[in-house]
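See structure below.
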Amino acid sequence: MALFVARLFYMQIIQHDRYVAAAEQEQVKSLVVKADRGEIYALDNGKPVKLVLNENVYTVFADPIEVKDPEAITKAVKEIAGGTAVKDIEKLVVDKPSRYKILAKNVSRNQAKLLREKQLAGLGFQKTTRRIHPEGKLASQVLGFVNAEGVGQYGIEEGLDDQLTGTDGMLKSVTDVRNVPLTVGNNNVRVPAKDGKNVVLSIDRNIQAYTEKALYDEMKKIGATKGSVIVMDPQSGKVLSMANLPDYNPEKYTTVMNGAAFNNSVITAPYEPGSVIKTFTVATALDKGVITPTSKFNNSDTISVEDIVIKNANLGITGDITMQAALSWSLNTGMVTIAQRLGDGKNITYDARKTMYTYLHDKFKLGEKTGIELAGEQAGNIISPDTVQGNAVRYSNMSFGQGMNPTMLQVASGFSSIVNGGRYYKPTVVAGEVTSDGSFKKTNSTLLDGGTISQESSDTARDMIREARNQFYAEGDKPGYDIGGKTGTSETLVDDSYTEDQTVGTYLGYGGDTAPKYVIMVQASAPGKALGGRDVVPIFTSISNWMIDYMKLQPKG
């Protein structure tokens, strides 16, 4: 009896804490309470509508040690779960060294209910969620997708993954062998999950849908295989539409054969934009006071810079030509002349190159990441005049959009500041969030530079850009509105050499009533095909006319 008493005293008193800890380890389990991923909204006439939402689904698993009838489980899962069942279920349900074998994923609520009703020993269920895209492919590269591990990939899903993911909670409780909580007692600890943020995009679902349709229709007509469009609000920096073709369905991302379809070329593919940059060169010269629209230069269709000769694409517009004509006819010689006038009037001096770099890179922010909330943004490059490559020849080419490689987003954002009075807003695809009580909390625009150019220079540049469109491409425009734009054609590299047989067509412009209300930039290309700015003008025109109606803009009297 003395030995028993001594042993009990030792176990119950001396080693009490040890055995309590062992019991807790055996019986009390910490269970993760999954946070719901934040949903993603677009705008519909200013009101948030869901583009990406969560649907409850279930993972069906087996505990082989608890399984009593493996054949019944195999048959039930195959019949009810169907295509969501994994391979080799027969082997999994009898793999007794394991306590957890997944038999099916993404099982619907109704399917899970039917399986539960069979009351098969050893069969368990875990509730999870999957992303649903009610608009299908709409804005697929803007959205991205969530992979099998629950991690955002591409687009806003990756760019704001931390905000969308939320924070898991924890439940600590006594459980049975299937980790199902049995009681709530003194050992219970509950940390509630914090769901992810519900993000509202600045993308307008109607503008996005029309942009994608217009891009698709016109690309078929001109034989383009790749195309991109961005529509921005120049008064805020908000992106209203961002479309790329080819695209994909985010719910079927595993079936995509070419990973390039995931990329949003508007932000991930820097390129030589060509003559659309002439609007930047003209704006710079206007702001520095070295030209006016009626300033003249003598055009002979060629101009020499050091050891190279630069030619115009449009030949025969020779003699004393105004700067307005140089922009309208897209004369390279006129832009090189402007670059010279930013220096000593004869050469593209270091001071001229420094001025161009200050405007293109520092003010208009070409060649630098914008910080937009989407994953995969590339910076591109604008060569500094302080480097060996930043010589006069390089800057003569840059004056008409070659020898540089910004992204479409950078160009559209810089152009917005040219036509809106000189205000550079940080480009964004986020309009706010939907809070837990269902209200729409808007975010404010961020003004990064209130004076890229003066208001007077902006007004003049806008008039010149409008005149450039009116002279050649305004035939299909709705009358009574202020619409301007500029074409661009750039050669591409084939086997490390530029070729005129494969070019990229670009068009950049704005539209509005009393002030610019939208900026549209279009790009299209195809392997082995020469496409120019004039080829993509119809895409701009189609979107522009639709925007006027959608935004209910009023024509001038």
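Convention: chains lettered A, B, ... in structure tokens order; per-chain residue numbering from 1; ligands numbered from 1 as shown.
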Distance query segment 243-256 of chain A at most 6 Å, only C-alpha atoms, self and fewer than 6 positions along chain excluded, as a PyMOL selection string: chain A and resi 137+145+212+226-229
Quick one: residues within 12 Å of Val231 of chain A, only C-alpha atoms, excluding same-chain residues fewer than 3 positions away - as a count of residues only? 44
Can you tell me, as an MDAnalysis selection string, what residues are no more than 10 Å from Glu368 of chain A when counting only C-alpha atoms, ignoring any on the same chain fewer than 6 positions away? chainID A and resid 361:362 377:382 406:407 410
Enumerate the residues of segment 328-537 of chain A with a DSSP assignment of strand (DSSP E or B), computed from the backbone, and present them as a PyMOL selection string. chain A and resi 381+405+424-425+428+430-434+440-442+447-449+482-494+497-512+516-525+530
Could you tell me how far atom CA of Ile465 of chain A sits from atom CA of Pro479 of chain A, in Å to one decimal place? 16.7 Å
Can you list, as a PyMOL selection string, every protein, DNA or RNA residue that comes within 8 Å of Asn332 of chain A when you count only C-alpha atoms, leaving out same-chain residues fewer than 5 positions away? chain A and resi 310-313+326+399-400
From the set A:Lys486, A:Lys118, A:Lys87, A:Arg534, which residue has the shortest atom-to-atom contact distance to Val282 of chain A, counting only C-alpha atoms? A:Lys486
Secondary structure check, helix (DSSP H, G or I) residues of segment 16-142 of chain A, as an NGL selection string: :A and (16-27 or 70-84 or 89-92 or 109-117 or 140-142)
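Interatomic distance, atom CA of Gly512 of chain A to atom CA of Leu201 of chain A: 22.7 Å.
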Please compute the atom CA of Ala352 of chain A-atom CA of Met335 of chain A distance, one decimal, in Å. 12.6 Å
Find the spatial neighbours of Thr318 of chain A, counting only C-alpha atoms, within a cut-off of 7 Å - ignore same-chain residues fewer than 3 positions away - and output them as a count of residues only. 3
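Residues in contact range of Val57 of chain A, defined as at most 8 Å between only C-alpha atoms, with sequence neighbours fewer than 5 positions away removed, read Asn106, Val107, Ser108, Arg109, Lys127, Thr128, Thr129 and Arg130 of chain A.
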Counting only C-alpha atoms, figure out which residue out of A:Leu360, A:Ala285, A:Ile267, A:Met404 gets nearest to Thr337 of chain A. A:Ala285
Could you name the residues that touch Tyr350 of chain A at 9 Å or less, counting only C-alpha atoms, but leaving out those on the same chain fewer than 2 positions away, as a count of residues only? 10
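Proximity to Glu157 of chain A was assessed for A:Leu92, A:Ile418, A:Ala325, A:Leu51 counting only C-alpha atoms; the smallest distance is recorded for A:Leu51.
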Segment 29-117 of chain A residues near segment 434-452 of chain A within 9 Å, closest pair each, using only C-alpha atoms, as a tab-separated table:
```
residue	atom	partner	partner_atom	distance
A:Glu39	CA	A:Val434	CA	8.9
A:Tyr41	CA	A:Val434	CA	8.3
A:Lys47	CA	A:Phe440	CA	8.3
A:Pro48	CA	A:Phe440	CA	7.4
```
Output C-alpha atoms of each residue in that selection to a file, as an mmCIF file, in the first residue's frame.
```
data_model
loop_
_atom_site.group_PDB
_atom_site.id
_atom_site.type_symbol
_atom_site.label_atom_id
_atom_site.label_comp_id
_atom_site.auth_asym_id
_atom_site.auth_seq_id
_atom_site.Cartn_x
_atom_site.Cartn_y
_atom_site.Cartn_z
ATOM 1 C CA GLU A 39 -13.949 39.356 -53.425
ATOM 2 C CA TYR A 41 -15.618 44.135 -57.820
ATOM 3 C CA LYS A 47 -21.757 51.084 -58.523
ATOM 4 C CA PRO A 48 -19.696 48.046 -57.450
#
```
